[in-house]
$ cat data17.pdb   # PDB, N, CA and C atoms
ATOM      1  N   MET A   2     121.993  47.960 118.258  1.00  0.00           N
ATOM      2  CA  MET A   2     121.344  48.154 116.993  1.00  0.00           C
ATOM      3  C   MET A   2     122.384  47.930 115.901  1.00  0.00           C
ATOM      4  N   VAL A   3     122.030  47.150 114.900  1.00  0.00           N
ATOM      5  CA  VAL A   3     122.889  46.935 113.737  1.00  0.00           C
ATOM      6  C   VAL A   3     122.337  47.799 112.611  1.00  0.00           C
ATOM      7  N   LEU A   4     123.206  48.617 112.003  1.00  0.00           N
ATOM      8  CA  LEU A   4     122.780  49.581 110.999  1.00  0.00           C
ATOM      9  C   LEU A   4     123.680  49.516 109.777  1.00  0.00           C
ATOM     10  N   ASP A   5     123.078  49.328 108.606  1.00  0.00           N
ATOM     11  CA  ASP A   5     123.817  49.396 107.347  1.00  0.00           C
ATOM     12  C   ASP A   5     124.019  50.871 107.006  1.00  0.00           C
ATOM     13  N   LEU A   6     125.253  51.286 106.844  1.00  0.00           N
ATOM     14  CA  LEU A   6     125.564  52.701 106.636  1.00  0.00           C
ATOM     15  C   LEU A   6     124.971  53.293 105.371  1.00  0.00           C
ATOM     16  N   HIS A   7     124.772  52.495 104.338  1.00  0.00           N
ATOM     17  CA  HIS A   7     124.359  53.047 103.054  1.00  0.00           C
ATOM     18  C   HIS A   7     122.916  52.729 102.655  1.00  0.00           C
ATOM     19  N   MET A   8     122.149  52.101 103.528  1.00  0.00           N
ATOM     20  CA  MET A   8     120.761  51.771 103.197  1.00  0.00           C
ATOM     21  C   MET A   8     119.871  53.003 103.127  1.00  0.00           C
ATOM     22  N   SER A   9     120.249  54.050 103.831  1.00  0.00           N
ATOM     23  CA  SER A   9     119.417  55.246 103.834  1.00  0.00           C
ATOM     24  C   SER A   9     120.178  56.438 103.252  1.00  0.00           C
ATOM     25  N   GLU A  10     121.083  56.159 102.342  1.00  0.00           N
ATOM     26  CA  GLU A  10     121.906  57.204 101.760  1.00  0.00           C
ATOM     27  C   GLU A  10     121.039  58.306 101.151  1.00  0.00           C
ATOM     28  N   GLY A  11     121.331  59.536 101.513  1.00  0.00           N
ATOM     29  CA  GLY A  11     120.577  60.677 101.002  1.00  0.00           C
ATOM     30  C   GLY A  11     119.355  61.017 101.829  1.00  0.00           C
ATOM     31  N   VAL A  12     119.081  60.237 102.865  1.00  0.00           N
ATOM     32  CA  VAL A  12     117.922  60.458 103.729  1.00  0.00           C
ATOM     33  C   VAL A  12     118.439  60.762 105.135  1.00  0.00           C
ATOM     34  N   VAL A  13     117.854  61.755 105.769  1.00  0.00           N
ATOM     35  CA  VAL A  13     118.227  62.068 107.143  1.00  0.00           C
ATOM     36  C   VAL A  13     117.599  61.012 108.049  1.00  0.00           C
ATOM     37  N   VAL A  14     118.427  60.370 108.838  1.00  0.00           N
ATOM     38  CA  VAL A  14     117.970  59.303 109.717  1.00  0.00           C
ATOM     39  C   VAL A  14     118.177  59.729 111.158  1.00  0.00           C
ATOM     40  N   THR A  15     117.140  59.615 111.957  1.00  0.00           N
ATOM     41  CA  THR A  15     117.244  59.869 113.386  1.00  0.00           C
ATOM     42  C   THR A  15     117.258  58.525 114.082  1.00  0.00           C
ATOM     43  N   LEU A  16     118.363  58.254 114.738  1.00  0.00           N
ATOM     44  CA  LEU A  16     118.498  56.965 115.412  1.00  0.00           C
ATOM     45  C   LEU A  16     117.814  56.997 116.766  1.00  0.00           C
ATOM     46  N   PRO A  17     117.215  55.877 117.149  1.00  0.00           N
ATOM     47  CA  PRO A  17     116.639  55.813 118.492  1.00  0.00           C
ATOM     48  C   PRO A  17     117.760  55.872 119.521  1.00  0.00           C
ATOM     49  N   ASN A  18     117.417  56.193 120.723  1.00  0.00           N
ATOM     50  CA  ASN A  18     118.398  56.288 121.795  1.00  0.00           C
ATOM     51  C   ASN A  18     118.768  54.883 122.254  1.00  0.00           C
ATOM     52  N   THR A  19     119.698  54.252 121.551  1.00  0.00           N
ATOM     53  CA  THR A  19     120.130  52.904 121.894  1.00  0.00           C
ATOM     54  C   THR A  19     121.509  52.973 122.527  1.00  0.00           C
ATOM     55  N   PRO A  20     121.820  52.014 123.359  1.00  0.00           N
ATOM     56  CA  PRO A  20     123.115  52.059 124.029  1.00  0.00           C
ATOM     57  C   PRO A  20     124.297  51.899 123.076  1.00  0.00           C
ATOM     58  N   LYS A  21     124.171  51.077 122.042  1.00  0.00           N
ATOM     59  CA  LYS A  21     125.291  50.824 121.134  1.00  0.00           C
ATOM     60  C   LYS A  21     124.774  50.681 119.703  1.00  0.00           C
ATOM     61  N   VAL A  22     125.540  51.233 118.762  1.00  0.00           N
ATOM     62  CA  VAL A  22     125.240  51.070 117.338  1.00  0.00           C
ATOM     63  C   VAL A  22     126.414  50.335 116.706  1.00  0.00           C
ATOM     64  N   LEU A  23     126.110  49.278 115.970  1.00  0.00           N
ATOM     65  CA  LEU A  23     127.095  48.511 115.226  1.00  0.00           C
ATOM     66  C   LEU A  23     126.835  48.784 113.751  1.00  0.00           C
ATOM     67  N   ALA A  24     127.755  49.484 113.108  1.00  0.00           N
ATOM     68  CA  ALA A  24     127.586  49.844 111.704  1.00  0.00           C
ATOM     69  C   ALA A  24     128.182  48.753 110.823  1.00  0.00           C
ATOM     70  N   ILE A  25     127.503  48.478 109.702  1.00  0.00           N
ATOM     71  CA  ILE A  25     128.031  47.525 108.726  1.00  0.00           C
ATOM     72  C   ILE A  25     128.043  48.187 107.357  1.00  0.00           C
ATOM     73  N   SER A  26     129.026  47.800 106.525  1.00  0.00           N
ATOM     74  CA  SER A  26     129.142  48.406 105.212  1.00  0.00           C
ATOM     75  C   SER A  26     130.012  47.540 104.304  1.00  0.00           C
ATOM     76  N   PHE A  27     129.675  47.534 102.994  1.00  0.00           N
ATOM     77  CA  PHE A  27     130.559  46.909 102.010  1.00  0.00           C
ATOM     78  C   PHE A  27     131.809  47.748 101.839  1.00  0.00           C
ATOM     79  N   ALA A  28     131.650  49.047 101.946  1.00  0.00           N
ATOM     80  CA  ALA A  28     132.786  49.958 101.813  1.00  0.00           C
ATOM     81  C   ALA A  28     133.563  49.968 103.118  1.00  0.00           C
ATOM     82  N   ASN A  29     134.829  49.741 103.040  1.00  0.00           N
ATOM     83  CA  ASN A  29     135.679  49.783 104.220  1.00  0.00           C
ATOM     84  C   ASN A  29     136.735  50.864 103.994  1.00  0.00           C
ATOM     85  N   ASP A  30     136.243  52.056 103.654  1.00  0.00           N
ATOM     86  CA  ASP A  30     137.133  53.156 103.327  1.00  0.00           C
ATOM     87  C   ASP A  30     136.979  54.286 104.336  1.00  0.00           C
ATOM     88  N   GLU A  31     137.711  55.357 104.120  1.00  0.00           N
ATOM     89  CA  GLU A  31     137.689  56.483 105.048  1.00  0.00           C
ATOM     90  C   GLU A  31     136.297  57.109 105.151  1.00  0.00           C
ATOM     91  N   GLU A  32     135.578  57.194 104.027  1.00  0.00           N
ATOM     92  CA  GLU A  32     134.226  57.768 104.034  1.00  0.00           C
ATOM     93  C   GLU A  32     133.292  56.955 104.928  1.00  0.00           C
ATOM     94  N   ALA A  33     133.372  55.632 104.828  1.00  0.00           N
ATOM     95  CA  ALA A  33     132.526  54.770 105.662  1.00  0.00           C
ATOM     96  C   ALA A  33     132.893  54.923 107.132  1.00  0.00           C
ATOM     97  N   LYS A  34     134.182  55.002 107.423  1.00  0.00           N
ATOM     98  CA  LYS A  34     134.616  55.169 108.807  1.00  0.00           C
ATOM     99  C   LYS A  34     134.143  56.508 109.372  1.00  0.00           C
ATOM    100  N   GLU A  35     134.209  57.558 108.553  1.00  0.00           N
ATOM    101  CA  GLU A  35     133.739  58.872 108.992  1.00  0.00           C
ATOM    102  C   GLU A  35     132.234  58.870 109.232  1.00  0.00           C
ATOM    103  N   LEU A  36     131.480  58.194 108.358  1.00  0.00           N
ATOM    104  CA  LEU A  36     130.038  58.103 108.529  1.00  0.00           C
ATOM    105  C   LEU A  36     129.692  57.315 109.797  1.00  0.00           C
ATOM    106  N   ALA A  37     130.397  56.238 110.037  1.00  0.00           N
ATOM    107  CA  ALA A  37     130.178  55.455 111.261  1.00  0.00           C
ATOM    108  C   ALA A  37     130.465  56.299 112.495  1.00  0.00           C
ATOM    109  N   ASP A  38     131.535  57.065 112.453  1.00  0.00           N
ATOM    110  CA  ASP A  38     131.855  57.956 113.569  1.00  0.00           C
ATOM    111  C   ASP A  38     130.774  59.018 113.743  1.00  0.00           C
ATOM    112  N   ALA A  39     130.286  59.565 112.627  1.00  0.00           N
ATOM    113  CA  ALA A  39     129.287  60.634 112.670  1.00  0.00           C
ATOM    114  C   ALA A  39     127.978  60.179 113.307  1.00  0.00           C
ATOM    115  N   ILE A  40     127.619  58.911 113.132  1.00  0.00           N
ATOM    116  CA  ILE A  40     126.378  58.422 113.738  1.00  0.00           C
ATOM    117  C   ILE A  40     126.601  57.872 115.141  1.00  0.00           C
ATOM    118  N   GLY A  41     127.855  57.865 115.572  1.00  0.00           N
ATOM    119  CA  GLY A  41     128.155  57.398 116.923  1.00  0.00           C
ATOM    120  C   GLY A  41     128.270  55.894 117.050  1.00  0.00           C
ATOM    121  N   ALA A  42     128.635  55.237 115.959  1.00  0.00           N
ATOM    122  CA  ALA A  42     128.766  53.777 115.997  1.00  0.00           C
ATOM    123  C   ALA A  42     129.890  53.373 116.942  1.00  0.00           C
ATOM    124  N   ALA A  43     129.620  52.371 117.755  1.00  0.00           N
ATOM    125  CA  ALA A  43     130.628  51.850 118.667  1.00  0.00           C
ATOM    126  C   ALA A  43     131.661  51.039 117.905  1.00  0.00           C
ATOM    127  N   ARG A  44     131.226  50.501 116.758  1.00  0.00           N
ATOM    128  CA  ARG A  44     132.109  49.652 115.954  1.00  0.00           C
ATOM    129  C   ARG A  44     131.585  49.591 114.539  1.00  0.00           C
ATOM    130  N   MET A  45     132.478  49.347 113.569  1.00  0.00           N
ATOM    131  CA  MET A  45     132.066  49.174 112.176  1.00  0.00           C
ATOM    132  C   MET A  45     132.634  47.853 111.663  1.00  0.00           C
ATOM    133  N   LEU A  46     131.773  47.102 110.968  1.00  0.00           N
ATOM    134  CA  LEU A  46     132.193  45.827 110.396  1.00  0.00           C
ATOM    135  C   LEU A  46     132.054  45.861 108.886  1.00  0.00           C
ATOM    136  N   ASP A  47     132.973  45.181 108.227  1.00  0.00           N
ATOM    137  CA  ASP A  47     132.919  44.988 106.788  1.00  0.00           C
ATOM    138  C   ASP A  47     131.919  43.865 106.504  1.00  0.00           C
ATOM    139  N   LYS A  48     130.968  44.106 105.605  1.00  0.00           N
ATOM    140  CA  LYS A  48     129.949  43.091 105.303  1.00  0.00           C
ATOM    141  C   LYS A  48     130.556  41.782 104.803  1.00  0.00           C
ATOM    142  N   MET A  49     131.719  41.857 104.189  1.00  0.00           N
ATOM    143  CA  MET A  49     132.352  40.643 103.682  1.00  0.00           C
ATOM    144  C   MET A  49     132.848  39.747 104.821  1.00  0.00           C
ATOM    145  N   GLU A  50     132.925  40.288 106.028  1.00  0.00           N
ATOM    146  CA  GLU A  50     133.400  39.542 107.188  1.00  0.00           C
ATOM    147  C   GLU A  50     132.299  39.225 108.199  1.00  0.00           C
ATOM    148  N   LEU A  51     131.044  39.519 107.851  1.00  0.00           N
ATOM    149  CA  LEU A  51     129.954  39.362 108.822  1.00  0.00           C
ATOM    150  C   LEU A  51     129.823  37.943 109.356  1.00  0.00           C
ATOM    151  N   SER A  52     130.008  36.955 108.501  1.00  0.00           N
ATOM    152  CA  SER A  52     129.826  35.574 108.963  1.00  0.00           C
ATOM    153  C   SER A  52     130.826  35.215 110.053  1.00  0.00           C
ATOM    154  N   LYS A  53     131.959  35.883 110.077  1.00  0.00           N
ATOM    155  CA  LYS A  53     132.980  35.610 111.087  1.00  0.00           C
ATOM    156  C   LYS A  53     132.887  36.554 112.281  1.00  0.00           C
ATOM    157  N   ALA A  54     132.397  37.769 112.051  1.00  0.00           N
ATOM    158  CA  ALA A  54     132.555  38.807 113.064  1.00  0.00           C
ATOM    159  C   ALA A  54     131.269  39.311 113.716  1.00  0.00           C
ATOM    160  N   LEU A  55     130.107  39.122 113.090  1.00  0.00           N
ATOM    161  CA  LEU A  55     128.891  39.767 113.581  1.00  0.00           C
ATOM    162  C   LEU A  55     128.480  39.300 114.975  1.00  0.00           C
ATOM    163  N   VAL A  56     128.374  38.013 115.187  1.00  0.00           N
ATOM    164  CA  VAL A  56     127.913  37.505 116.487  1.00  0.00           C
ATOM    165  C   VAL A  56     128.888  37.916 117.587  1.00  0.00           C
ATOM    166  N   LEU A  57     130.177  37.790 117.331  1.00  0.00           N
ATOM    167  CA  LEU A  57     131.172  38.176 118.324  1.00  0.00           C
ATOM    168  C   LEU A  57     131.074  39.666 118.650  1.00  0.00           C
ATOM    169  N   ALA A  58     130.902  40.510 117.627  1.00  0.00           N
ATOM    170  CA  ALA A  58     130.782  41.956 117.856  1.00  0.00           C
ATOM    171  C   ALA A  58     129.540  42.286 118.681  1.00  0.00           C
ATOM    172  N   ILE A  59     128.424  41.628 118.386  1.00  0.00           N
ATOM    173  CA  ILE A  59     127.195  41.861 119.156  1.00  0.00           C
ATOM    174  C   ILE A  59     127.398  41.457 120.608  1.00  0.00           C
ATOM    175  N   LEU A  60     128.015  40.312 120.830  1.00  0.00           N
ATOM    176  CA  LEU A  60     128.258  39.858 122.204  1.00  0.00           C
ATOM    177  C   LEU A  60     129.206  40.796 122.942  1.00  0.00           C
ATOM    178  N   GLU A  61     130.204  41.328 122.244  1.00  0.00           N
ATOM    179  CA  GLU A  61     131.142  42.250 122.877  1.00  0.00           C
ATOM    180  C   GLU A  61     130.469  43.570 123.255  1.00  0.00           C
ATOM    181  N   LEU A  62     129.523  44.021 122.453  1.00  0.00           N
ATOM    182  CA  LEU A  62     128.860  45.309 122.699  1.00  0.00           C
ATOM    183  C   LEU A  62     127.634  45.189 123.589  1.00  0.00           C
ATOM    184  N   ALA A  63     127.116  43.987 123.761  1.00  0.00           N
ATOM    185  CA  ALA A  63     125.898  43.788 124.551  1.00  0.00           C
ATOM    186  C   ALA A  63     126.169  44.079 126.026  1.00  0.00           C
ATOM    187  N   PRO A  64     125.204  44.724 126.679  1.00  0.00           N
ATOM    188  CA  PRO A  64     125.384  44.965 128.120  1.00  0.00           C
ATOM    189  C   PRO A  64     125.347  43.652 128.886  1.00  0.00           C
ATOM    190  N   LEU A  65     126.113  43.607 129.946  1.00  0.00           N
ATOM    191  CA  LEU A  65     126.092  42.415 130.799  1.00  0.00           C
ATOM    192  C   LEU A  65     124.756  42.345 131.514  1.00  0.00           C
ATOM    193  N   ARG A  66     124.218  41.157 131.612  1.00  0.00           N
ATOM    194  CA  ARG A  66     122.935  40.975 132.292  1.00  0.00           C
ATOM    195  C   ARG A  66     123.125  40.018 133.451  1.00  0.00           C
ATOM    196  N   SER A  67     122.397  40.277 134.479  1.00  0.00           N
ATOM    197  CA  SER A  67     122.420  39.402 135.639  1.00  0.00           C
ATOM    198  C   SER A  67     121.622  38.144 135.324  1.00  0.00           C
ATOM    199  N   HIS A  68     122.107  37.024 135.763  1.00  0.00           N
ATOM    200  CA  HIS A  68     121.396  35.760 135.537  1.00  0.00           C
ATOM    201  C   HIS A  68     120.547  35.383 136.752  1.00  0.00           C
ATOM    202  N   GLU A  69     120.315  36.331 137.645  1.00  0.00           N
ATOM    203  CA  GLU A  69     119.493  36.067 138.819  1.00  0.00           C
ATOM    204  C   GLU A  69     118.030  35.940 138.410  1.00  0.00           C
ATOM    205  N   CYS A  70     117.341  35.004 139.002  1.00  0.00           N
ATOM    206  CA  CYS A  70     115.918  34.812 138.706  1.00  0.00           C
ATOM    207  C   CYS A  70     115.086  35.156 139.897  1.00  0.00           C
TER     208      CYS A  70
END

$ encode --input "data17.pdb" --output "structure tokens"
Amino acid sequence: MVLDLHMSEGVVVTLPNTPKVLAISFANDEEAKELADAIGAARMLDKMELSKALVLAILELAPLRSHEC
């Protein structure tokens, strides 16, 4: 699941039971890192770097799947 840390600011958010959360934020400060940790994010990305980092981060966090048919 990809989640923007500040889209629901001020609202209590209950996350679904997903295996991995990838947090994204324009803010790359201590507050953003603490918020990402608080929601259990496996990783946090700076929105300014998404074009370079998003696909790679998703692939790194994605569970391995069997290619058996």

$ atom_distance --input "data17.pdb" --atom1 "CA of Ala24 (chain A)" --atom2 "CA of Met2 (chain A)"
8.4 Å

$ residues_around --input "data17.pdb" --residues "region 51-68 of chain A" --least-positions-apart "3" --cutoff "8 Å" --atoms "all atoms listed in the file" --output "list in words"
Pro20, Lys21, Val22, Leu23, Ala43, Leu46, Asp47 and Lys48 of chain A

$ closest_residue --input "data17.pdb" --among "A:Ala39, A:Ala28, A:Ala33, A:Met45" --to "Val3 (chain A)" --atoms "only C-alpha atoms"
A:Met45

$ atom_distance --input "data17.pdb" --atom1 "CA of Met8 (chain A)" --atom2 "CA of Met49 (chain A)"
16.1 Å

$ atom_distance --input "data17.pdb" --atom1 "CA of Phe27 (chain A)" --atom2 "atom C of Leu6 (chain A)"
9.1 Å

$ axis_aligned_box --input "data17.pdb" --around "region 30-46 of chain A" --padding-each-side "6 Å" --output "JSON"
{"center_x": 132.0, "center_y": 53.2, "center_z": 111.0, "size_x": 23.3, "size_y": 26.8, "size_z": 27.3}
